[in-house]
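This report refers to the structure that appears directly beneath it.
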Amino acid sequence: MNKPSIETLEKTASQVRRDIVRMVHAVNSGHPGGSLGCTDFLTALYFNIMDIKKPFDPDGRDEDMFFLSNGHISPVWYSILARSGYFPVSELATFRKLDSRLQGHPATEEGLPGIRVASGSLGQGLSVACGAAQAKKLNKDDKRVYVLMGDGELDEGQVWEAAMYAAHHKIDNLIATVDYNGQQIDGPTSDVMDLKDLKAKWQAFGWDVIESDGNDMKSVINAMSLAKSLSGKGKPVVNLMKTEMGAGVDFMMGSHKWHGVAPNDEQLATALAQLEETLGDY
Amino acid sequence: MTKFTYTDQKDTRSGFGAGLLELGRTNPEVVALCADLVGSLKMQDFIDEFPERFFQVGIAEANMMGVAAGLTIGGKIPFTGTFANFSTGRVYDQIRQSIAYSGKNVKICASHAGLTLGEDGATHQILEDIGLMKMLPHMTVINPCDYNQTKAATIAIAEYEGPVYLRFGRPKVPVFTPADQKFEIGKAIKMIEGNDVTIFATGHLVWEAIEAEAILAKEGISVEVINIHTIKPLDVQAIIESAKKTGCVVTAEEHQMNGGLGDSVAQTLALNLPTPLEMVAVNDSFGESGTPEQLMKKYGIDAENIVKAVKRVMKRK
């Protein structure tokens, strides 16, 4: 299969960003900031990095799998899943509405293709990814498991239980990424709960650590390609990925204020003017 | 004389260990996890035979629940092992989101439930676990009564697709159910037929109910004893049928009155067939250190207290 070019991926990302702000605006709720920040990463992951199959197989056998631990950035994931063909793009219009498969936070209960575990209550995704990766090993399945966490989420103790576990059990088919945007709900992570030397922490826990820029498509591809090349060597791999919350929409950038706030009509228009419609709005 | 006899006393956790070992041999998808309590959970025989299917997680129960949820993706059937306290209250949100809400086929196996954990005291004697687990949508809750039934239940839950909470205990107790009795989830077992009163008992209290029946029989009271090994889904039909026949009921369990078997039975009867009911359970209190026998007596959950409850409820008919 031919991998899409950087330019094509960037165009997809632009459309995904449009989807995000439109979805959140339509229901006046949801989390645009982190969604926009992780758009380039998830676009690269689903359209370039991962080896995935369709239709959706909940067991994910003989394919790469992705888990979103910071479930509040569901808008970006839903858009990516729809744009990569798991379900109709038109369904994005049901986000957060009654009887929708697109719940506020990702869930399996309504059977939305692409989702394998519920997330939203933070700190649980890395543990689940560890188990899924170990199941792959037991099944002699050589594909990989990817997981994304927020940096604020690293406040949760369970993350470090899982980090210790993954290294101890040599889960080397696991590639974790931290959305290292330095923001959480109550403010900058340095004020709320200082992460200190994150690289040293993960290294001390026994992981191979990569540092990257998560809002430059080429850098994302390079980092994830490097992560793949480091996997399978006895250690789990983590990508500390610097992002800008709200990336792509100027007035949403550089602050935690757009973590969980929807744009009004005027702000939506301003945002959309900055984002090229490349694949057609839903 | 009780209508049941026993020659052996064994701990229900050993029934779990034996069931798990058998599953290891018969079902290649079964895997096990433990949070640094392999000896207490009797998991060593499984580990010796199937080391590659066992995952030690250390003292990290939250992670254990998440890893177990992940192992189901790809078809594994994970059995987690730790004390009941650390299997439920400590990890409630992990179970709620990653297992129950996500519909994951995880078997949460919990030893040292209730007061009969004994000398370790109230920090470890969870009496709220049935309530916590039965409130979760999709969750099945099972509390077998002896070694044989715990072994059979362990084997049976592997065949069932969906999250299960399996609760058992620490002390050696009479083995009185048949070794070859098949375990049917959600199907109550009538232990003793009677006409004057029904005792619905679960877990270690089933034996106490059988002893209570023997005492009451001498006084000419005809007692029906029903083993409710599955608290959720509850065998509503069996409960209504028996209550209709006897006209009054006693529930008996090693659990808080709030949230246990008693309030499940009370709810069922209130909605379908209002019937006088007494509950033998711990009444809104933590436990303390002591021997299992001392604690069951002090907290009012032994045969003697069942007898008293029967007499109370019969006056309310």
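Residues in the structure tokens are named by chain (A, B, ... in the order shown) and by number from 1 within that chain; ligands are numbered from 1 in the order shown.
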List as a PyMOL selection string the protein and nucleic acid residues near Ser264 in chain B, meaning an atom at most 10 Å away when only C-alpha atoms are counted, but skip any in the same chain fewer than 2 places from it. chain B and resi 131+134+231-234+236+251+258-262+266-270
Those residues you just picked out, can you put them in a file as a compact mmCIF listing (two decimals), in the first residue's frame with N, CA and C atoms?
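Contents of the output file again02.txt:
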```txt
# COMPACT_ATOMS: atom_id res chain seq x y z
N GLY B 131 -22.31 -5.45 47.22
CA GLY B 131 -23.08 -4.26 46.85
C GLY B 131 -22.41 -3.46 45.76
N LYS B 134 -22.64 -5.57 42.48
CA LYS B 134 -23.97 -5.82 41.89
C LYS B 134 -24.59 -4.55 41.32
N ILE B 231 -25.78 -13.83 43.22
CA ILE B 231 -26.56 -12.70 43.70
C ILE B 231 -27.05 -11.86 42.53
N LYS B 232 -26.31 -11.87 41.45
CA LYS B 232 -26.74 -11.19 40.24
C LYS B 232 -26.24 -11.97 39.03
N PRO B 233 -27.09 -12.39 38.11
CA PRO B 233 -28.55 -12.22 38.13
C PRO B 233 -29.20 -13.11 39.19
N LEU B 234 -30.16 -12.54 39.87
CA LEU B 234 -30.84 -13.23 40.96
C LEU B 234 -31.89 -14.19 40.40
N VAL B 236 -34.95 -14.90 40.54
CA VAL B 236 -36.20 -14.28 41.02
C VAL B 236 -37.32 -15.31 41.15
N THR B 251 -32.85 -13.81 55.14
CA THR B 251 -31.67 -13.83 54.28
C THR B 251 -30.43 -13.89 55.18
N ASN B 258 -26.78 -3.35 54.03
CA ASN B 258 -26.92 -2.45 52.88
C ASN B 258 -26.18 -3.04 51.69
N GLY B 259 -26.91 -3.31 50.65
CA GLY B 259 -26.23 -3.69 49.41
C GLY B 259 -25.98 -5.16 49.21
N GLY B 260 -26.38 -5.99 50.13
CA GLY B 260 -26.07 -7.41 49.99
C GLY B 260 -27.18 -8.23 49.38
N LEU B 261 -27.12 -9.54 49.66
CA LEU B 261 -28.17 -10.45 49.20
C LEU B 261 -29.53 -10.03 49.76
N GLY B 262 -29.51 -9.64 51.05
CA GLY B 262 -30.77 -9.31 51.72
C GLY B 262 -31.56 -8.24 50.99
N ALA B 266 -35.13 -8.56 49.25
CA ALA B 266 -36.19 -7.65 49.70
C ALA B 266 -36.79 -6.88 48.53
N GLN B 267 -35.93 -6.43 47.64
CA GLN B 267 -36.40 -5.70 46.46
C GLN B 267 -37.29 -6.60 45.60
N THR B 268 -36.83 -7.81 45.39
CA THR B 268 -37.59 -8.76 44.58
C THR B 268 -38.97 -9.01 45.17
N LEU B 269 -38.99 -9.23 46.49
CA LEU B 269 -40.28 -9.54 47.13
C LEU B 269 -41.17 -8.30 47.20
N ALA B 270 -40.59 -7.15 47.49
CA ALA B 270 -41.38 -5.92 47.56
C ALA B 270 -42.07 -5.64 46.23
```
Taking only C-alpha atoms into account and nothing else, which residues of chain B lie no more than 9 Å away from chain A? Please answer as a PyMOL selection string. chain B and resi 52-53+55-76+93-94+97-99+101-104
Selection file, N, CA and C atoms, as a JSON list (two decimals), in the first residue's frame:
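Listed below is the output, out.json:
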```
[["chain", "number", "residue", "atom", "x", "y", "z"],
["B", 52, "GLU", "N", 3.71, -19.23, 31.23],
["B", 52, "GLU", "CA", 3.58, -18.21, 30.18],
["B", 52, "GLU", "C", 2.18, -17.61, 30.14],
["B", 53, "ARG", "N", 1.25, -18.21, 30.87],
["B", 53, "ARG", "CA", -0.12, -17.68, 30.90],
["B", 53, "ARG", "C", -0.43, -17.00, 32.22],
["B", 55, "PHE", "N", 0.51, -13.64, 34.77],
["B", 55, "PHE", "CA", 1.12, -12.31, 34.82],
["B", 55, "PHE", "C", 1.12, -11.78, 36.23],
["B", 56, "GLN", "N", 2.28, -11.68, 36.81],
["B", 56, "GLN", "CA", 2.43, -11.08, 38.13],
["B", 56, "GLN", "C", 2.40, -9.56, 37.95],
["B", 57, "VAL", "N", 1.54, -8.88, 38.69],
["B", 57, "VAL", "CA", 1.46, -7.42, 38.52],
["B", 57, "VAL", "C", 2.03, -6.65, 39.71],
["B", 58, "GLY", "N", 2.46, -7.38, 40.74],
["B", 58, "GLY", "CA", 2.91, -6.65, 41.93],
["B", 58, "GLY", "C", 1.72, -6.03, 42.66],
["B", 59, "ILE", "N", 2.03, -5.19, 43.62],
["B", 59, "ILE", "CA", 0.96, -4.61, 44.45],
["B", 59, "ILE", "C", 0.39, -3.41, 43.70],
["B", 60, "ALA", "N", -0.34, -3.69, 42.65],
["B", 60, "ALA", "CA", -0.83, -2.63, 41.75],
["B", 60, "ALA", "C", -2.15, -3.10, 41.15],
["B", 61, "GLU", "N", -3.18, -3.09, 41.98],
["B", 61, "GLU", "CA", -4.46, -3.68, 41.58],
["B", 61, "GLU", "C", -5.14, -2.88, 40.47],
["B", 62, "ALA", "N", -5.00, -1.56, 40.48],
["B", 62, "ALA", "CA", -5.63, -0.75, 39.44],
["B", 62, "ALA", "C", -5.08, -1.16, 38.08],
["B", 63, "ASN", "N", -3.76, -1.28, 38.02],
["B", 63, "ASN", "CA", -3.15, -1.72, 36.76],
["B", 63, "ASN", "C", -3.60, -3.13, 36.40],
["B", 64, "MET", "N", -3.74, -3.99, 37.39],
["B", 64, "MET", "CA", -4.16, -5.37, 37.10],
["B", 64, "MET", "C", -5.51, -5.39, 36.39],
["B", 65, "MET", "N", -6.45, -4.56, 36.84],
["B", 65, "MET", "CA", -7.77, -4.56, 36.22],
["B", 65, "MET", "C", -7.68, -4.05, 34.77],
["B", 66, "GLY", "N", -6.86, -3.04, 34.55],
["B", 66, "GLY", "CA", -6.71, -2.52, 33.20],
["B", 66, "GLY", "C", -6.02, -3.53, 32.29],
["B", 67, "VAL", "N", -4.97, -4.16, 32.78],
["B", 67, "VAL", "CA", -4.26, -5.17, 31.97],
["B", 67, "VAL", "C", -5.21, -6.32, 31.64],
["B", 68, "ALA", "N", -6.01, -6.72, 32.63],
["B", 68, "ALA", "CA", -6.97, -7.80, 32.39],
["B", 68, "ALA", "C", -7.96, -7.41, 31.29],
["B", 69, "ALA", "N", -8.44, -6.18, 31.35],
["B", 69, "ALA", "CA", -9.37, -5.70, 30.30],
["B", 69, "ALA", "C", -8.69, -5.78, 28.94],
["B", 70, "GLY", "N", -7.42, -5.38, 28.88],
["B", 70, "GLY", "CA", -6.69, -5.40, 27.62],
["B", 70, "GLY", "C", -6.48, -6.82, 27.10],
["B", 71, "LEU", "N", -6.22, -7.75, 28.01],
["B", 71, "LEU", "CA", -5.99, -9.14, 27.59],
["B", 71, "LEU", "C", -7.20, -9.77, 26.91],
["B", 72, "THR", "N", -8.40, -9.26, 27.24],
["B", 72, "THR", "CA", -9.60, -9.82, 26.60],
["B", 72, "THR", "C", -9.64, -9.46, 25.11],
["B", 73, "ILE", "N", -8.93, -8.39, 24.76],
["B", 73, "ILE", "CA", -8.93, -7.96, 23.36],
["B", 73, "ILE", "C", -7.91, -8.84, 22.64],
["B", 74, "GLY", "N", -8.41, -9.77, 21.86],
["B", 74, "GLY", "CA", -7.56, -10.81, 21.32],
["B", 74, "GLY", "C", -7.96, -12.17, 21.85],
["B", 75, "GLY", "N", -9.01, -12.18, 22.70],
["B", 75, "GLY", "CA", -9.66, -13.44, 23.03],
["B", 75, "GLY", "C", -9.25, -14.13, 24.31],
["B", 76, "LYS", "N", -8.35, -13.55, 25.08],
["B", 76, "LYS", "CA", -7.97, -14.20, 26.33],
["B", 76, "LYS", "C", -9.10, -14.07, 27.37],
["B", 93, "ASP", "N", -13.35, 2.24, 40.02],
["B", 93, "ASP", "CA", -13.46, 2.98, 38.76],
["B", 93, "ASP", "C", -12.82, 2.23, 37.60],
["B", 94, "GLN", "N", -11.73, 1.53, 37.88],
["B", 94, "GLN", "CA", -11.10, 0.72, 36.82],
["B", 94, "GLN", "C", -12.06, -0.37, 36.35],
["B", 97, "GLN", "N", -15.15, 1.41, 34.40],
["B", 97, "GLN", "CA", -14.93, 1.92, 33.04],
["B", 97, "GLN", "C", -14.30, 0.89, 32.10],
["B", 98, "SER", "N", -13.19, 0.30, 32.54],
["B", 98, "SER", "CA", -12.42, -0.56, 31.61],
["B", 98, "SER", "C", -13.01, -1.96, 31.49],
["B", 99, "ILE", "N", -13.80, -2.39, 32.47],
["B", 99, "ILE", "CA", -14.32, -3.77, 32.44],
["B", 99, "ILE", "C", -15.84, -3.79, 32.24],
["B", 101, "TYR", "N", -18.36, -1.27, 31.90],
["B", 101, "TYR", "CA", -18.90, -0.42, 30.83],
["B", 101, "TYR", "C", -18.36, -0.85, 29.47],
["B", 102, "SER", "N", -17.14, -1.36, 29.47],
["B", 102, "SER", "CA", -16.54, -1.81, 28.21],
["B", 102, "SER", "C", -16.93, -3.25, 27.87],
["B", 103, "GLY", "N", -17.71, -3.88, 28.73],
["B", 103, "GLY", "CA", -18.19, -5.24, 28.46],
["B", 103, "GLY", "C", -17.09, -6.27, 28.31],
["B", 104, "LYS", "N", -16.07, -6.16, 29.12],
["B", 104, "LYS", "CA", -14.91, -7.04, 28.96],
["B", 104, "LYS", "C", -15.06, -8.35, 29.75]]
```
Closest of A:Met23, A:Leu36, A:Met65, A:Leu45 to Pro4 in chain A - atom-to-atom distances counting only C-alpha atoms: A:Leu45
Distance CA of Ser100 in chain A-CA of Phe87 in chain A, one decimal place? 12.6 Å
Report as a ChimeraX atom specification: the residues of range 26-67 of chain A with a DSSP assignment of helix (DSSP H, G or I), based on the backbone of this structure. /A:26-27,32-37,39-49
Considering only C-alpha atoms, return as a VMD selection string whatever protein or nucleic-acid residues lie within 6 Å of Val147 in chain A, sequence-local ones (same chain, fewer than 2 positions apart) excluded. chain A and resid 66 to 68 176
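Shell of Glu288 in chain B at 8 Å, with only C-alpha atoms counted and residues fewer than 6 places along the chain excluded, is Leu115, Gly118, Glu119, Asp120, Gly121, Ala122 and Leu295 of chain B.
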Selection to disk with N, CA and C atoms, as a short mmCIF file (atom, residue, chain, number, x, y, z; two decimals), in the first residue's frame:
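The resulting selection04.cif:
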```
data_model
loop_
_atom_site.label_atom_id
_atom_site.label_comp_id
_atom_site.auth_asym_id
_atom_site.auth_seq_id
_atom_site.Cartn_x
_atom_site.Cartn_y
_atom_site.Cartn_z
N LEU B 115 -15.89 -11.06 57.19
CA LEU B 115 -15.32 -11.11 58.54
C LEU B 115 -14.39 -12.30 58.75
N GLY B 118 -10.69 -12.75 59.48
CA GLY B 118 -10.23 -12.94 60.85
C GLY B 118 -9.30 -11.89 61.40
N GLU B 119 -8.13 -12.35 61.87
CA GLU B 119 -7.26 -11.54 62.71
C GLU B 119 -6.70 -10.29 62.05
N ASP B 120 -6.65 -10.25 60.73
CA ASP B 120 -6.11 -9.05 60.06
C ASP B 120 -6.97 -7.81 60.32
N GLY B 121 -8.22 -8.03 60.66
CA GLY B 121 -9.05 -6.89 61.07
C GLY B 121 -9.78 -6.19 59.94
N ALA B 122 -10.42 -5.09 60.32
CA ALA B 122 -11.40 -4.43 59.44
C ALA B 122 -10.80 -3.81 58.19
N LEU B 295 -15.95 -13.64 65.45
CA LEU B 295 -16.48 -12.50 64.71
C LEU B 295 -17.90 -12.76 64.20
#
```
